[in-house]
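Peer 1: What follows is a structure written as structure tokens; I'll ask about it next.
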Amino acid sequence: MTIRKIAHIGHPILRTRARELTREELLSPGIQTFIDDLIETMHDADGAGLAANQVYEPVRICAIEVRNNPRYPYKPNIPLTVLVNPVLTPIDDESFDNFEGCLSVPNLRGVVPRNVHLHVKAWDRQGGIIDSVVHGLTACTFQHEVDHLDGKLFLDRVKDTSTLCTWSEFERQHRDAFADRVRALVARVGS
Ligand code: NI
């Protein structure tokens with residue numbers, strides 16, 4: 001496995017809509033090795049998720065995993081999930097003002113409204129059908145990653161730019177209040 005370089009904001013690959021894969025392409029040794037690299041790179045960078053175009057491969061694959069993440073200590077755990085050709089559909093209008101960061105946008109965080117209840121359709125890395133519902137902060141993470149595949153960054157969805165902050169100012173100014181809101185959300189929707 002190889003740890004890949006992560007593209008930073010300003011590189012056009014992050015603004016490119018990633019293309020769908022066929023099942024045959026997905027099952028090819030090249031793409032399967034790429035998925036191993038994507039997961040390895042996400043782990044190495046302590047990311048909660050990583051989209052293929054963040055490592056310069058414009059295909060519709062993203063990996064998501066939260067396991068006691070030091071970048072996001074308040075996040076509920078999410079088991080390792082690989083989404084291929086994902087389609088997300090909001091189930092209702094309920095939203096949560098999520099404080100987000102991104103490996104492609106170093107040292108910046110900001111508040112992004114996200115849907116709280118989502119229907120997820122995708123393939124897993126073997127081409128098996130994923131057809132499920134996700135909630136809460138997990139739903140926020142799925143939306144952040146699938147946005148990447150559409151060439152969007154969380155910054156595009158920040159409504160109030162006065163919420164933008166560095167990671168150290170997030171810790172000092174916003175973390176405790178945000179962690180309280182997360183705990184209330186998790187208590188209500190379970191993730
Ligand atoms: Ni990101």
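For the structure tokens, the naming scheme is as follows: chains receive sequential letters (A, B, ...) according to their order of presentation, residues are indexed from 1 within each chain, and ligands are indexed from 1 in presentation order.
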Tell me, as a PDB file with N, CA, C and O atoms, in the first residue's frame, which residues lie within 8 Å of Lys159 (chain A), counting only C-alpha atoms; anything in the same chain fewer than 4 positions away does not count.
Peer 2:
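The new file around_35.pdb reads:
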```
ATOM      1  N   VAL A 111     -18.759  26.612   9.814  1.00  0.00           N
ATOM      2  CA  VAL A 111     -20.070  26.007  10.057  1.00  0.00           C
ATOM      3  C   VAL A 111     -20.825  25.826   8.740  1.00  0.00           C
ATOM      4  O   VAL A 111     -20.966  26.776   7.960  1.00  0.00           O
ATOM      5  N   VAL A 112     -21.297  24.595   8.526  1.00  0.00           N
ATOM      6  CA  VAL A 112     -21.992  24.209   7.298  1.00  0.00           C
ATOM      7  C   VAL A 112     -23.319  23.539   7.677  1.00  0.00           C
ATOM      8  O   VAL A 112     -23.319  22.602   8.474  1.00  0.00           O
ATOM      9  N   PRO A 113     -24.445  24.022   7.141  1.00  0.00           N
ATOM     10  CA  PRO A 113     -25.709  23.318   7.402  1.00  0.00           C
ATOM     11  C   PRO A 113     -25.755  22.011   6.612  1.00  0.00           C
ATOM     12  O   PRO A 113     -25.461  22.001   5.409  1.00  0.00           O
TER      13      PRO A 113
END
```
Peer 1: Please identify all protein, DNA and RNA residues within 8 Å of ligand 1, counting only C-alpha atoms and all ligand atoms, and report them as JSON, numbers by chain.
Peer 2: {"A": [49, 50, 51, 54, 101, 102, 103, 104, 105, 144, 145, 148, 153, 154]}
Peer 1: Please dump the current selection as a tab-separated table (two decimals), in the first residue's frame; keep N, CA, C and O atoms.
Peer 2:
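Everything below was put into again.tsv:
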```tsv
chain	number	residue	atom	x	y	z
A	49	GLY	N	-12.73	10.96	6.62
A	49	GLY	CA	-13.13	10.49	5.30
A	49	GLY	C	-12.13	11.01	4.28
A	49	GLY	O	-11.35	11.93	4.58
A	50	LEU	N	-12.13	10.41	3.11
A	50	LEU	CA	-11.25	10.87	2.03
A	50	LEU	C	-11.88	10.46	0.71
A	50	LEU	O	-12.31	9.31	0.55
A	51	ALA	N	-11.95	11.43	-0.21
A	51	ALA	CA	-12.53	11.17	-1.52
A	51	ALA	C	-11.40	10.98	-2.54
A	51	ALA	O	-10.33	11.56	-2.40
A	54	GLN	N	-9.44	13.80	-3.93
A	54	GLN	CA	-8.48	14.46	-3.01
A	54	GLN	C	-7.08	13.87	-3.14
A	54	GLN	O	-6.12	14.48	-2.67
A	101	GLY	N	-14.05	20.59	8.95
A	101	GLY	CA	-12.71	20.85	8.47
A	101	GLY	C	-12.45	19.88	7.33
A	101	GLY	O	-13.29	19.03	7.05
A	102	CYS	N	-11.30	20.02	6.68
A	102	CYS	CA	-11.04	19.19	5.50
A	102	CYS	C	-9.54	19.07	5.29
A	102	CYS	O	-8.82	20.07	5.41
A	103	LEU	N	-9.09	17.86	4.97
A	103	LEU	CA	-7.65	17.66	4.74
A	103	LEU	C	-7.16	18.47	3.54
A	103	LEU	O	-5.97	18.76	3.45
A	104	SER	N	-8.05	18.85	2.65
A	104	SER	CA	-7.65	19.64	1.48
A	104	SER	C	-7.72	21.14	1.73
A	104	SER	O	-7.38	21.93	0.84
A	105	VAL	N	-8.19	21.53	2.91
A	105	VAL	CA	-8.28	22.96	3.28
A	105	VAL	C	-7.57	23.11	4.62
A	105	VAL	O	-8.19	23.14	5.68
A	144	HIS	N	-20.21	15.58	3.26
A	144	HIS	CA	-18.92	16.24	3.01
A	144	HIS	C	-18.13	15.46	1.96
A	144	HIS	O	-17.57	16.06	1.03
A	145	GLU	N	-18.09	14.13	2.09
A	145	GLU	CA	-17.28	13.33	1.17
A	145	GLU	C	-17.89	13.28	-0.23
A	145	GLU	O	-17.17	13.38	-1.23
A	148	HIS	N	-17.17	16.30	-2.25
A	148	HIS	CA	-15.86	16.26	-2.91
A	148	HIS	C	-15.98	15.65	-4.31
A	148	HIS	O	-15.38	16.15	-5.26
A	153	LEU	N	-16.31	21.95	-2.08
A	153	LEU	CA	-15.63	21.95	-0.79
A	153	LEU	C	-16.57	22.52	0.26
A	153	LEU	O	-17.49	23.28	-0.07
A	154	PHE	N	-16.31	22.19	1.53
A	154	PHE	CA	-17.22	22.67	2.58
A	154	PHE	C	-17.33	24.18	2.58
A	154	PHE	O	-18.38	24.75	2.91
```
Peer 1: Between A:Arg109, A:Arg4, A:Arg17, A:Arg125, which has the minimum distance to Gln32 (chain A) (counting only C-alpha atoms)?
Peer 2: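 Looking at the shortest contact to Gln32 (chain A), the residue is A:Arg125.
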Peer 1: Would you list the contacts of Pro79 (chain A) as a PDB file with all heavy atoms, in the first residue's frame, taking every protein, DNA or RNA residue within 8 Å and counting only C-alpha atoms, but skipping same-chain residues closer than 6 positions in sequence?
Peer 2:
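Listing of selection_2.pdb after writing:
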```
ATOM      1  N   ILE A  64     -14.786   6.370   4.376  1.00  0.00           N
ATOM      2  CA  ILE A  64     -15.211   7.055   5.600  1.00  0.00           C
ATOM      3  C   ILE A  64     -14.929   6.123   6.770  1.00  0.00           C
ATOM      4  O   ILE A  64     -15.221   4.929   6.690  1.00  0.00           O
ATOM      5  CB  ILE A  64     -16.731   7.377   5.537  1.00  0.00           C
ATOM      6  CG1 ILE A  64     -17.033   8.375   4.412  1.00  0.00           C
ATOM      7  CG2 ILE A  64     -17.240   7.901   6.885  1.00  0.00           C
ATOM      8  CD1 ILE A  64     -18.498   8.494   4.049  1.00  0.00           C
ATOM      9  N   GLU A  65     -14.338   6.657   7.814  1.00  0.00           N
ATOM     10  CA  GLU A  65     -14.185   5.875   9.040  1.00  0.00           C
ATOM     11  C   GLU A  65     -13.902   6.833  10.188  1.00  0.00           C
ATOM     12  O   GLU A  65     -13.051   7.722  10.069  1.00  0.00           O
ATOM     13  CB  GLU A  65     -13.030   4.877   8.935  1.00  0.00           C
ATOM     14  CG  GLU A  65     -12.906   4.026  10.200  1.00  0.00           C
ATOM     15  CD  GLU A  65     -11.829   2.950  10.110  1.00  0.00           C
ATOM     16  OE1 GLU A  65     -10.778   3.192   9.484  1.00  0.00           O
ATOM     17  OE2 GLU A  65     -12.043   1.876  10.672  1.00  0.00           O
ATOM     18  N   VAL A  66     -14.600   6.649  11.291  1.00  0.00           N
ATOM     19  CA  VAL A  66     -14.298   7.406  12.508  1.00  0.00           C
ATOM     20  C   VAL A  66     -14.118   6.392  13.617  1.00  0.00           C
ATOM     21  O   VAL A  66     -15.015   5.585  13.883  1.00  0.00           O
ATOM     22  CB  VAL A  66     -15.421   8.405  12.862  1.00  0.00           C
ATOM     23  CG1 VAL A  66     -15.094   9.121  14.178  1.00  0.00           C
ATOM     24  CG2 VAL A  66     -15.615   9.426  11.750  1.00  0.00           C
ATOM     25  N   ARG A  67     -12.927   6.412  14.197  1.00  0.00           N
ATOM     26  CA  ARG A  67     -12.630   5.468  15.284  1.00  0.00           C
ATOM     27  C   ARG A  67     -11.758   6.231  16.267  1.00  0.00           C
ATOM     28  O   ARG A  67     -10.564   6.344  16.093  1.00  0.00           O
ATOM     29  CB  ARG A  67     -11.885   4.264  14.698  1.00  0.00           C
ATOM     30  CG  ARG A  67     -11.798   3.099  15.645  1.00  0.00           C
ATOM     31  CD  ARG A  67     -11.165   1.905  14.958  1.00  0.00           C
ATOM     32  NE  ARG A  67      -9.932   2.257  14.272  1.00  0.00           N
ATOM     33  CZ  ARG A  67      -9.321   1.508  13.361  1.00  0.00           C
ATOM     34  NH1 ARG A  67      -9.839   0.371  12.983  1.00  0.00           N
ATOM     35  NH2 ARG A  67      -8.194   1.909  12.809  1.00  0.00           N
TER      36      ARG A  67
END
```
Peer 1: Would you list the contacts of Thr33 (chain A) as an NGL selection string, taking every protein, DNA or RNA residue within 12 Å and counting only C-alpha atoms, but skipping same-chain residues closer than 5 positions in sequence?
Peer 2: :A and (1-4 or 25-28 or 38-40 or 125)
Peer 1: I'd like to know which of A:Glu94, A:Glu169, A:Asp150, A:Asp36 is closest to Arg19 (chain A), using only C-alpha atoms.
Peer 2: A:Asp150
Peer 1: Please run DSSP on the backbone and report, as a VMD selection string, all residues within region 32-144 of chain A that come out as alpha helix (DSSP H).
Peer 2: chain A and resid 32 to 44 136 to 144
Peer 1: For the strand (DSSP E) assignment from backbone DSSP, which residues of region 3-184 of chain A qualify? Please present them as number ranges by chain.
Peer 2: A: 49-51, 61-66, 78-90, 95-102, 105-115, 117-123, 129-135
Peer 1: Within 9 Å of region 171-178 of chain A, counting only C-alpha atoms, which residues show up once you throw out same-chain ones fewer than 6 positions away? Write them as a compact mmCIF listing (two decimals) with N, CA and C atoms, in the first residue's frame, please.
Peer 2:
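That gives us result.txt:
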```
# COMPACT_ATOMS: atom_id res chain seq x y z
N TYR A 74 -15.09 14.48 19.37
CA TYR A 74 -16.51 14.45 19.75
C TYR A 74 -17.34 13.65 18.75
N ASN A 98 -23.07 22.10 11.27
CA ASN A 98 -21.89 21.29 11.58
C ASN A 98 -20.62 22.11 11.42
N PHE A 99 -19.72 22.00 12.38
CA PHE A 99 -18.39 22.62 12.23
C PHE A 99 -17.51 21.64 11.47
```
Peer 1: When you look at Asp92 (chain A) with a cut-off of 10 Å (counting only C-alpha atoms), what residues show up, excluding the ones that are within fewer than 2 positions of it in the same chain? I need them as a ChimeraX atom specification.
Peer 2: /A:89-90,94-95,115-118
